[in-house]
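Next comes my_file-v7.txt, a file with compact mmCIF, C-alpha atoms.
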```txt
# COMPACT_ATOMS: atom_id res chain seq x y z
CA MET A 41 172.96 36.43 159.94
CA SER A 42 169.25 36.91 160.61
CA SER A 43 166.61 37.15 157.90
CA ARG A 44 165.92 40.72 158.97
CA THR A 45 169.60 41.66 158.56
CA ARG A 46 169.77 40.02 155.14
CA LEU A 47 166.62 41.82 154.02
CA ALA A 48 168.07 45.14 155.18
CA GLY A 49 171.22 44.46 153.18
CA VAL A 50 169.26 43.56 150.06
CA ALA A 51 167.17 46.71 150.43
CA ALA A 52 170.29 48.87 150.73
CA VAL A 53 171.83 47.35 147.60
CA ALA A 54 168.57 47.83 145.70
CA ALA A 55 168.38 51.47 146.77
CA ILE A 56 171.94 52.10 145.56
CA ALA A 57 171.12 50.44 142.22
CA VAL A 58 168.03 52.59 141.79
CA MET A 59 169.99 55.77 142.52
CA ALA A 60 172.68 54.73 140.02
CA MET A 61 170.04 54.06 137.36
CA ALA A 62 168.42 57.42 138.03
CA ALA A 63 171.77 59.20 137.69
CA ALA A 64 172.47 57.40 134.41
CA ALA A 65 169.01 58.24 133.11
CA SER A 66 169.48 61.94 133.90
CA ALA A 67 172.78 62.15 131.98
CA ARG A 68 172.44 63.80 128.59
CA THR A 69 174.24 63.57 125.27
CA LEU A 70 175.09 66.86 123.56
CA VAL A 71 176.30 66.91 119.96
CA VAL A 72 178.65 69.44 118.34
CA THR A 73 178.62 69.73 114.55
CA PRO A 74 181.28 71.38 112.37
CA GLY A 75 181.18 75.16 112.45
CA HIS A 76 179.95 75.28 116.05
CA SER A 77 181.77 75.73 119.35
CA ILE A 78 182.77 72.73 121.45
CA GLN A 79 183.35 74.97 124.46
CA LYS A 80 179.78 76.29 124.39
CA LYS A 81 178.46 72.73 124.61
CA ILE A 82 180.90 71.94 127.45
CA ASP A 83 179.65 75.01 129.32
CA LYS A 84 176.03 73.86 128.90
CA ALA A 85 176.77 70.29 129.98
CA ASN A 86 176.01 69.03 133.45
CA ALA A 87 178.26 66.71 135.40
CA GLY A 88 177.97 63.22 133.95
CA ASP A 89 176.93 64.32 130.46
CA THR A 90 178.59 63.23 127.22
CA VAL A 91 179.63 65.79 124.61
CA ILE A 92 180.01 64.18 121.18
CA VAL A 93 182.03 66.12 118.62
CA GLN A 94 181.44 65.12 115.02
CA ALA A 95 184.25 64.86 112.48
CA GLY A 96 185.57 68.23 111.37
CA THR A 97 188.23 70.80 112.24
CA TYR A 98 187.65 72.98 115.31
CA ARG A 99 189.94 75.94 115.98
CA GLU A 100 189.64 76.59 119.69
CA SER A 101 191.12 75.84 123.10
CA LEU A 102 188.93 73.93 125.54
CA ASP A 103 188.49 74.17 129.32
CA ILE A 104 186.96 71.29 131.32
CA ASN A 105 186.35 71.52 135.06
CA LYS A 106 183.43 69.12 135.53
CA ARG A 107 182.89 65.36 135.17
CA LEU A 108 182.00 64.53 131.58
CA HIS A 109 182.99 62.45 128.58
CA LEU A 110 184.31 64.48 125.65
CA ALA A 111 184.03 62.08 122.73
CA GLY A 112 185.42 63.00 119.34
CA GLN A 113 184.32 61.14 116.24
CA GLY A 114 187.57 61.80 114.41
CA ALA A 115 187.40 65.50 115.32
CA ILE A 116 190.51 67.64 114.79
CA LEU A 117 191.27 70.28 117.42
CA THR A 118 193.87 72.88 116.47
CA GLU A 119 194.99 76.32 117.52
CA GLY A 120 192.71 79.27 116.92
CA ALA A 121 191.35 81.90 119.26
CA PRO A 122 192.90 81.57 122.75
CA GLY A 123 189.61 81.03 124.52
CA HIS A 124 189.01 81.65 128.22
CA THR A 125 190.80 78.64 129.70
CA LEU A 126 192.71 78.44 132.95
CA CYS A 127 195.81 77.14 131.14
CA ASN A 128 195.83 79.97 128.61
CA SER A 129 195.51 82.58 131.36
CA MET A 130 198.91 81.58 132.76
CA PRO A 131 201.96 83.71 131.85
CA GLY A 132 203.27 83.24 128.33
CA PRO A 133 201.82 83.42 124.85
CA ASP A 134 201.57 79.69 124.16
CA LEU A 135 198.18 77.99 123.92
CA VAL A 136 197.02 74.64 125.32
CA GLY A 137 194.58 72.45 123.38
CA ILE A 138 192.47 70.91 126.18
CA CYS A 139 192.84 72.23 129.74
CA VAL A 140 191.46 69.91 132.45
CA HIS A 141 191.57 71.11 136.04
CA GLY A 142 190.00 71.03 139.46
CA LYS A 143 189.14 74.04 141.57
CA LEU A 144 192.33 75.93 142.31
CA LYS A 145 193.34 78.81 144.57
CA PHE A 146 196.03 81.22 143.45
CA SER A 147 197.89 83.30 146.03
CA GLY A 148 201.23 85.01 146.37
CA GLY A 149 202.47 84.21 142.89
CA GLY A 150 203.41 80.64 143.86
CA ALA A 151 202.05 77.32 142.68
CA PRO A 152 198.24 77.13 142.86
CA LYS A 153 196.63 75.13 145.66
CA ILE A 154 194.13 72.42 144.78
CA VAL A 155 190.88 73.20 146.60
CA HIS A 156 188.86 70.43 144.95
CA ARG A 157 189.90 67.77 142.46
CA VAL A 158 187.88 67.26 139.33
CA ARG A 159 186.88 63.60 138.97
CA GLY A 160 185.90 61.24 136.22
CA ILE A 161 186.76 63.18 133.07
CA GLU A 162 187.16 61.11 129.91
CA ILE A 163 188.60 62.35 126.60
CA SER A 164 188.60 60.14 123.51
CA GLY A 165 188.62 60.20 119.73
CA PHE A 166 190.41 63.53 119.10
CA ARG A 167 193.31 64.67 116.99
CA VAL A 168 194.87 67.47 119.03
CA ARG A 169 197.57 69.06 116.95
CA GLY A 170 199.51 72.22 116.26
CA PHE A 171 199.08 73.97 119.63
CA SER A 172 202.02 76.11 120.72
CA ALA A 173 201.96 74.58 124.23
CA GLU A 174 200.56 71.22 125.41
CA GLY A 175 198.01 69.18 123.53
CA ILE A 176 196.23 68.14 126.75
CA PHE A 177 197.07 69.60 130.17
CA GLY A 178 195.61 68.09 133.34
CA PHE A 179 196.02 69.55 136.83
CA GLY A 180 194.34 68.46 140.05
CA THR A 181 192.46 65.52 138.52
CA ARG A 182 191.32 62.15 139.80
CA GLY A 183 190.35 59.35 137.45
CA LEU A 184 191.31 61.22 134.27
CA ARG A 185 190.93 58.85 131.30
CA VAL A 186 192.53 59.81 128.00
CA HIS A 187 192.26 57.15 125.33
CA ASN A 188 192.32 56.68 121.56
CA ASN A 189 193.55 60.20 120.80
CA ARG A 190 196.30 61.48 118.51
CA LEU A 191 198.46 64.23 120.05
CA ALA A 192 200.74 65.53 117.32
CA HIS A 193 203.11 68.39 116.58
CA ASN A 194 202.29 70.46 119.63
CA GLY A 195 204.98 72.85 120.85
CA GLY A 196 205.04 71.43 124.38
CA TYR A 197 204.10 68.02 125.76
CA GLY A 198 201.61 65.80 123.99
CA LEU A 199 199.87 65.15 127.31
CA PHE A 200 200.91 66.69 130.64
CA SER A 201 199.30 65.37 133.84
CA LEU A 202 200.33 67.24 136.98
CA ASN A 203 199.29 66.38 140.52
CA GLY A 204 196.76 63.78 139.42
CA GLY A 205 195.58 60.45 140.77
CA HIS A 206 194.33 57.32 138.99
CA VAL A 207 195.44 58.62 135.59
CA HIS A 208 194.64 56.30 132.66
CA LEU A 209 196.46 56.92 129.37
CA VAL A 210 195.47 54.14 126.97
CA HIS A 211 195.88 53.61 123.20
CA ASN A 212 196.95 57.16 122.37
CA VAL A 213 199.46 58.27 119.75
CA ALA A 214 201.86 61.07 120.73
CA ARG A 215 203.98 62.09 117.76
CA GLY A 216 206.35 64.94 116.95
CA ASN A 217 205.65 67.05 120.03
CA GLY A 218 208.26 69.57 121.20
CA ALA A 219 208.61 68.00 124.66
CA PRO A 220 207.93 64.49 126.05
CA GLY A 221 204.98 62.70 124.48
CA LEU A 222 203.29 61.54 127.70
CA TYR A 223 204.03 62.95 131.16
CA VAL A 224 202.91 62.21 134.72
CA GLY A 225 204.49 64.40 137.40
CA ASP A 226 204.18 65.70 140.96
CA SER A 227 201.91 62.75 141.72
CA PRO A 228 203.08 60.78 144.79
CA ASN A 229 199.95 58.63 144.52
CA ALA A 230 199.60 58.57 140.74
CA ARG A 231 198.27 55.00 140.47
CA ALA A 232 198.74 55.48 136.76
CA GLU A 233 197.89 53.10 133.95
CA ILE A 234 199.89 53.88 130.81
CA ARG A 235 199.09 51.15 128.31
CA GLY A 236 199.10 50.50 124.60
CA ASN A 237 200.29 53.96 123.58
CA ARG A 238 202.62 54.87 120.74
CA SER A 239 204.94 57.77 121.59
CA VAL A 240 207.39 58.56 118.80
CA ARG A 241 209.64 61.33 117.48
CA ASN A 242 209.05 63.68 120.41
CA GLY A 243 211.48 66.33 121.67
CA GLY A 244 212.20 64.58 124.95
CA GLU A 245 211.12 61.28 126.47
CA GLY A 246 208.43 59.11 124.97
CA ILE A 247 207.12 58.74 128.54
CA LEU A 248 208.39 60.79 131.50
CA LEU A 249 207.42 59.90 135.09
CA ARG A 250 208.83 62.66 137.32
CA HIS A 251 208.26 62.77 141.07
CA ALA A 252 205.49 60.22 140.55
CA SER A 253 204.82 56.86 142.17
CA ILE A 254 202.68 53.75 141.74
CA GLY A 255 201.48 52.47 138.40
CA VAL A 256 201.91 50.22 135.41
CA VAL A 257 203.53 51.04 132.08
CA ARG A 258 202.95 48.25 129.62
CA ARG A 259 202.76 47.38 125.94
CA ASN A 260 203.73 50.83 124.69
CA VAL A 261 205.84 51.55 121.62
CA LEU A 262 208.50 54.18 122.30
CA ALA A 263 210.69 55.04 119.31
CA HIS A 264 212.81 57.84 117.84
CA ASN A 265 212.62 60.04 120.94
CA CYS A 266 215.63 61.27 122.91
CA ILE A 267 214.86 58.79 125.70
CA GLY A 268 212.22 56.09 125.47
CA LEU A 269 211.04 56.10 129.08
CA MET A 270 212.43 57.71 132.24
CA VAL A 271 211.45 57.44 135.90
CA LEU A 272 213.03 60.50 137.50
CA ALA A 273 213.46 61.17 141.21
CA ASP A 274 214.88 64.28 142.92
CA ALA A 275 212.82 66.60 140.73
CA PRO A 276 211.90 67.43 143.43
CA GLY A 277 210.80 64.25 145.24
CA PRO A 278 210.71 60.43 145.09
CA ALA A 279 209.67 58.37 142.08
CA GLY A 280 208.99 54.66 141.87
CA SER A 281 206.75 51.68 142.56
CA PHE A 282 206.12 51.23 138.84
CA THR A 283 205.91 47.99 136.87
CA ILE A 284 207.31 48.55 133.39
CA SER A 285 206.62 45.53 131.19
CA GLY A 286 206.10 44.37 127.63
CA ASN A 287 207.15 47.64 126.01
CA ARG A 288 209.01 47.96 122.71
CA VAL A 289 211.70 50.64 123.04
CA VAL A 290 213.81 51.22 119.93
CA ASN A 291 216.02 53.82 118.24
CA ASN A 292 215.61 56.59 120.80
CA ASN A 293 218.56 58.55 119.45
CA LYS A 294 217.27 62.09 118.88
CA ALA A 295 219.49 64.83 120.29
CA CYS A 296 217.69 66.96 122.90
CA LYS A 297 219.23 69.88 124.73
CA GLY A 298 217.76 68.84 128.09
CA ASP A 299 215.72 70.87 130.54
CA PRO A 300 217.66 73.44 132.59
CA ASP A 301 214.62 74.03 134.83
CA GLU A 302 214.78 70.38 135.89
CA GLY A 303 218.58 70.31 136.07
CA LEU A 304 218.78 67.94 133.12
CA PRO A 305 221.69 68.28 130.68
CA PRO A 306 221.54 67.17 127.02
CA MET A 307 220.15 63.69 126.48
CA SER A 308 220.07 61.10 123.73
CA GLY A 309 220.49 57.40 123.13
CA VAL A 310 218.61 55.94 126.12
CA GLY A 311 215.92 53.25 126.09
CA ILE A 312 214.64 52.93 129.68
CA ALA A 313 216.16 54.99 132.51
CA LEU A 314 215.56 54.68 136.25
CA LEU A 315 217.23 57.61 138.02
CA GLY A 316 216.84 57.41 141.78
CA ALA A 317 213.77 55.19 141.35
CA HIS A 318 212.59 52.88 144.13
CA ASP A 319 210.71 49.57 144.11
CA THR A 320 210.40 49.54 140.33
CA VAL A 321 210.23 46.40 138.18
CA VAL A 322 211.46 46.44 134.57
CA LYS A 323 210.58 43.13 132.93
CA ASN A 324 209.96 41.50 129.55
CA ASN A 325 210.69 44.62 127.49
CA VAL A 326 212.42 44.72 124.09
CA VAL A 327 215.05 47.47 124.10
CA ARG A 328 217.09 47.82 120.90
CA ASN A 329 219.43 50.13 119.04
CA GLN A 330 219.98 53.08 121.36
CA SER A 331 223.33 54.58 120.32
CA ALA A 332 225.84 57.09 121.71
CA ALA A 333 225.84 59.25 118.59
CA HIS A 334 225.01 62.54 120.39
CA ALA A 335 226.03 64.27 123.60
CA SER A 336 224.12 62.93 126.58
CA PHE A 337 224.62 62.69 130.34
CA ILE A 338 223.69 59.00 130.13
CA HIS A 339 223.69 56.36 127.40
CA GLY A 340 222.37 52.83 127.11
CA GLY A 341 219.50 50.46 126.52
CA ILE A 342 218.55 50.11 130.19
CA VAL A 343 220.15 52.69 132.51
CA VAL A 344 219.92 52.63 136.31
CA GLY A 345 221.58 55.20 138.54
CA ARG A 346 221.28 58.00 141.03
CA GLY A 347 218.69 60.75 140.77
CA ILE A 348 219.72 64.23 139.73
CA ARG A 349 220.35 65.22 143.36
CA GLY A 350 222.08 62.00 144.28
CA THR A 351 219.31 59.69 145.53
CA PRO A 352 220.42 56.10 144.85
CA PRO A 353 218.07 53.55 143.30
CA ARG A 354 216.44 51.23 145.83
CA ALA A 355 214.89 47.77 145.55
CA ASP A 356 214.64 47.84 141.75
CA ARG A 357 214.46 44.59 139.74
CA ILE A 358 215.48 44.29 136.09
CA PHE A 359 214.76 40.89 134.58
CA GLY A 360 213.55 39.03 131.49
CA ASN A 361 214.37 41.88 129.09
CA VAL A 362 215.89 41.67 125.61
CA SER A 363 218.35 44.56 125.39
CA LEU A 364 220.59 44.32 122.32
CA GLY A 365 222.43 46.66 119.97
CA ASN A 366 222.63 49.49 122.49
CA SER A 367 225.63 51.52 123.74
CA PRO A 368 225.81 49.69 126.16
CA ASP A 369 222.89 47.28 126.51
CA VAL A 370 222.76 47.83 130.28
CA PHE A 371 224.36 50.56 132.41
CA TRP A 372 224.34 50.74 136.20
CA ASP A 373 226.35 53.25 138.19
CA SER A 374 226.69 50.60 140.97
CA SER A 375 224.79 52.70 143.50
CA GLY A 376 221.86 51.57 145.61
CA SER A 377 220.19 48.16 145.62
CA VAL A 378 219.35 46.81 142.16
CA ARG A 379 218.91 43.21 141.06
CA PHE A 380 219.56 42.18 137.45
CA HIS A 381 218.79 38.65 136.28
CA SER A 382 217.66 36.63 133.24
CA ASN A 383 218.19 39.47 130.75
CA LEU A 384 219.38 38.85 127.20
CA CYS A 385 222.15 41.41 126.67
CA ARG A 386 225.74 41.48 125.41
CA THR A 387 227.37 44.67 126.68
CA SER A 388 227.10 46.20 130.14
CA ARG A 389 228.82 48.49 132.61
CA PRO A 390 229.88 46.94 134.88
CA GLY A 391 230.56 43.88 132.77
CA SER A 392 229.14 41.49 135.35
CA VAL A 393 225.56 42.69 134.77
CA CYS A 394 225.21 40.83 131.44
```
Let me see the file written as structure tokens.
Amino acid sequence: MSSRTRLAGVAAVAAIAVMAMAAAASARTLVVTPGHSIQKKIDKANAGDTVIVQAGTYRESLDINKRLHLAGQGAILTEGAPGHTLCNSMPGPDLVGICVHGKLKFSGGGAPKIVHRVRGIEISGFRVRGFSAEGIFGFGTRGLRVHNNRLAHNGGYGLFSLNGGHVHLVHNVARGNGAPGLYVGDSPNARAEIRGNRSVRNGGEGILLRHASIGVVRRNVLAHNCIGLMVLADAPGPAGSFTISGNRVVNNNKACKGDPDEGLPPMSGVGIALLGAHDTVVKNNVVRNQSAAHASFIHGGIVVGRGIRGTPPRADRIFGNVSLGNSPDVFWDSSGSVRFHSNLCRTSRPGSVC
């Protein structure tokens, strides 16, 4: 490489660094104090700004459609006036806490089309509780980061991410929500990181990955839900290419009536379920004390089988897990291509798995 070429490269790198510094310098920090509107500050913010919300209780729904960091300092967000959010304009009376979305086009009464994804939104430090629908709803996002929040006692999902990419859900608590605690769906290129969360006592799965592919699910605590974690294909498309490791999945024995819209019958007593999943690794998890006390279409600590429309599992590996005290510890419907090895378990169907 000539000296001239090297100098040109150095100059280009320096120019990029200067532009990045200028962008950082232009970003502002806006502060919301108790008694004032968070949404008004969001509306005033420019892309790249940070909106800090001081401790207090705020009764409003929020709408975010630009890149920013919404940082709560122990702020509580709960249901109040509906607010003019995209999520709350959809049919039905239920209200969403924080609505995050890209630019969408509605036509013909069908599903909206994503015209432009919203990128780089970060939400942290909030207690989002008591909303009649979802705590946080994301649609058409890329690089959504939700961390260190508490999503509790909402009527729908704790967090619902639909058609998103590079979703990061880290160190959140989802407790006592009426549907699954954490959800990623309709995301063929999810590239999700779901790490260090605690999802407990929800009316569905602790974590549900439906028609979603590519990501890691690690070091989460999933307890006292109907199902700890489920990777679900055929609803409507493929699901897989996840690495599920180091999670603690215990006592997921709540009785849930299922979801008729998804073709799911009643469910209870399941730790980790792969239904029609492909290329998924389940390793080094602790899965204990899932029982068959309630009606459910599947039971067991680790359950592997066909998707709800019959897609068999493919190229899944289940190894290095401790699965004990479940009914049974491992269940496989013998379909597809699944490899089990080096698991500590006592009961299985078929019996050769343990």
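Remark: for Ser367 in chain A, the closest of the candidate residues A:Val326, A:Leu126, A:Val310, A:Val155 is A:Val310 (distances computed over only C-alpha atoms).
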Kindly give the distance, in Å, that separates CA of Phe371 in chain A and CA of Ile312 in chain A, rounded to a single decimal.
10.4 Å
As an exercise, work out the distance from CA of Thr69 in chain A to CA of Ser201 in chain A in Å and give it to one decimal place.
26.5 Å
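Picture a line from CA of Thr181 in chain A to CA of Arg349 in chain A; it runs 28.3 Å.
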Tell me which protein, DNA and RNA residues are within 9 Å of range 288-305 of chain A, counting all atoms listed in the file, leaving out same-chain ones fewer than 2 positions away, and put them as a PyMOL selection string.
chain A and resi 240-246+259-269+275-276+286+307-312+325-337+341+348+366
Please work out which residues fall within 10 Å of (199.4, 76.8, 122.2), coordinates as given in the file, with only C-alpha atoms counting, and return them as an mmCIF file with C-alpha atoms, in the coordinates of the input.
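New file out.cif:
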```
data_model
loop_
_atom_site.group_PDB
_atom_site.id
_atom_site.type_symbol
_atom_site.label_atom_id
_atom_site.label_comp_id
_atom_site.auth_asym_id
_atom_site.auth_seq_id
_atom_site.Cartn_x
_atom_site.Cartn_y
_atom_site.Cartn_z
ATOM 1 C CA SER A 101 191.120 75.840 123.100
ATOM 2 C CA THR A 118 193.870 72.880 116.470
ATOM 3 C CA GLU A 119 194.990 76.320 117.520
ATOM 4 C CA GLY A 120 192.710 79.270 116.920
ATOM 5 C CA ALA A 121 191.350 81.900 119.260
ATOM 6 C CA PRO A 122 192.900 81.570 122.750
ATOM 7 C CA CYS A 127 195.810 77.140 131.140
ATOM 8 C CA ASN A 128 195.830 79.970 128.610
ATOM 9 C CA GLY A 132 203.270 83.240 128.330
ATOM 10 C CA PRO A 133 201.820 83.420 124.850
ATOM 11 C CA ASP A 134 201.570 79.690 124.160
ATOM 12 C CA LEU A 135 198.180 77.990 123.920
ATOM 13 C CA VAL A 136 197.020 74.640 125.320
ATOM 14 C CA GLY A 137 194.580 72.450 123.380
ATOM 15 C CA ILE A 138 192.470 70.910 126.180
ATOM 16 C CA ARG A 169 197.570 69.060 116.950
ATOM 17 C CA GLY A 170 199.510 72.220 116.260
ATOM 18 C CA PHE A 171 199.080 73.970 119.630
ATOM 19 C CA SER A 172 202.020 76.110 120.720
ATOM 20 C CA ALA A 173 201.960 74.580 124.230
ATOM 21 C CA GLU A 174 200.560 71.220 125.410
ATOM 22 C CA GLY A 175 198.010 69.180 123.530
ATOM 23 C CA ASN A 194 202.290 70.460 119.630
ATOM 24 C CA GLY A 195 204.980 72.850 120.850
ATOM 25 C CA GLY A 196 205.040 71.430 124.380
#
```
Option closest in space to Ala67 in chain A, from A:Ala219, A:Ala192, A:Leu102, A:Leu108 [counting all atoms listed in the file]:
A:Leu108
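Comparing A:His187, A:Arg99, A:Lys145, A:Lys323 by their smallest distance to Ala115 in chain A, the closest is A:Arg99 (using all atoms listed in the file).
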Please define a box with edges along x, y and z of the file around all atoms of range 375-393 of chain A given in the file, extend it by 8 Å on each side, and return its centre and edge lengths in Å to one decimal, as JSON.
```
{"center_x": 224.1, "center_y": 44.7, "center_z": 135.5, "size_x": 28.9, "size_y": 32.1, "size_z": 36.2}
```
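With only C-alpha atoms as the atoms that count, the minimum distance from Gly277 in chain A to the choices A:Thr351, A:Ser147, A:Asn188, A:Gln79 is reached by A:Thr351.
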Please report, as JSON lines, each residue of range 213-289 of chain A lying at most 9 Å from range 202-207 of chain A, together with the nearest pair of atoms and the separation in Å rounded to one decimal; use only C-alpha atoms, and order rows by chain and ascending residue number.
```
{"residue": "A:Tyr223", "atom": "CA", "partner": "A:Leu202", "partner_atom": "CA", "distance": 8.1}
{"residue": "A:Val224", "atom": "CA", "partner": "A:Leu202", "partner_atom": "CA", "distance": 6.1}
{"residue": "A:Gly225", "atom": "CA", "partner": "A:Leu202", "partner_atom": "CA", "distance": 5.1}
{"residue": "A:Asp226", "atom": "CA", "partner": "A:Asn203", "partner_atom": "CA", "distance": 5.0}
{"residue": "A:Ser227", "atom": "CA", "partner": "A:Asn203", "partner_atom": "CA", "distance": 4.6}
{"residue": "A:Pro228", "atom": "CA", "partner": "A:Asn203", "partner_atom": "CA", "distance": 8.0}
{"residue": "A:Asn229", "atom": "CA", "partner": "A:Gly205", "partner_atom": "CA", "distance": 6.0}
{"residue": "A:Ala230", "atom": "CA", "partner": "A:Gly205", "partner_atom": "CA", "distance": 4.4}
{"residue": "A:Arg231", "atom": "CA", "partner": "A:His206", "partner_atom": "CA", "distance": 4.8}
{"residue": "A:Ala232", "atom": "CA", "partner": "A:Val207", "partner_atom": "CA", "distance": 4.7}
{"residue": "A:Glu233", "atom": "CA", "partner": "A:Val207", "partner_atom": "CA", "distance": 6.3}
{"residue": "A:Ile234", "atom": "CA", "partner": "A:Val207", "partner_atom": "CA", "distance": 8.1}
{"residue": "A:Ala252", "atom": "CA", "partner": "A:Asn203", "partner_atom": "CA", "distance": 8.7}
{"residue": "A:Gly255", "atom": "CA", "partner": "A:His206", "partner_atom": "CA", "distance": 8.7}
```
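Among the candidates A:Asn287, A:Arg182, A:Arg346, A:Ile176, the one nearest to Leu314 in chain A when counting only C-alpha atoms is A:Arg346.
Take the candidates A:Ser382, A:Ser164, A:Thr387, A:Asn86 and check each one against Leu110 in chain A using only C-alpha atoms; the shortest distance goes to A:Ser164.
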For range 156-160 of chain A, list every protein, DNA or RNA residue within 8 Å, evaluated using only C-alpha atoms, and leave out those in the same chain fewer than 2 positions away; present the list as a PyMOL selection string.
chain A and resi 105-108+141-144+154+162+180-185
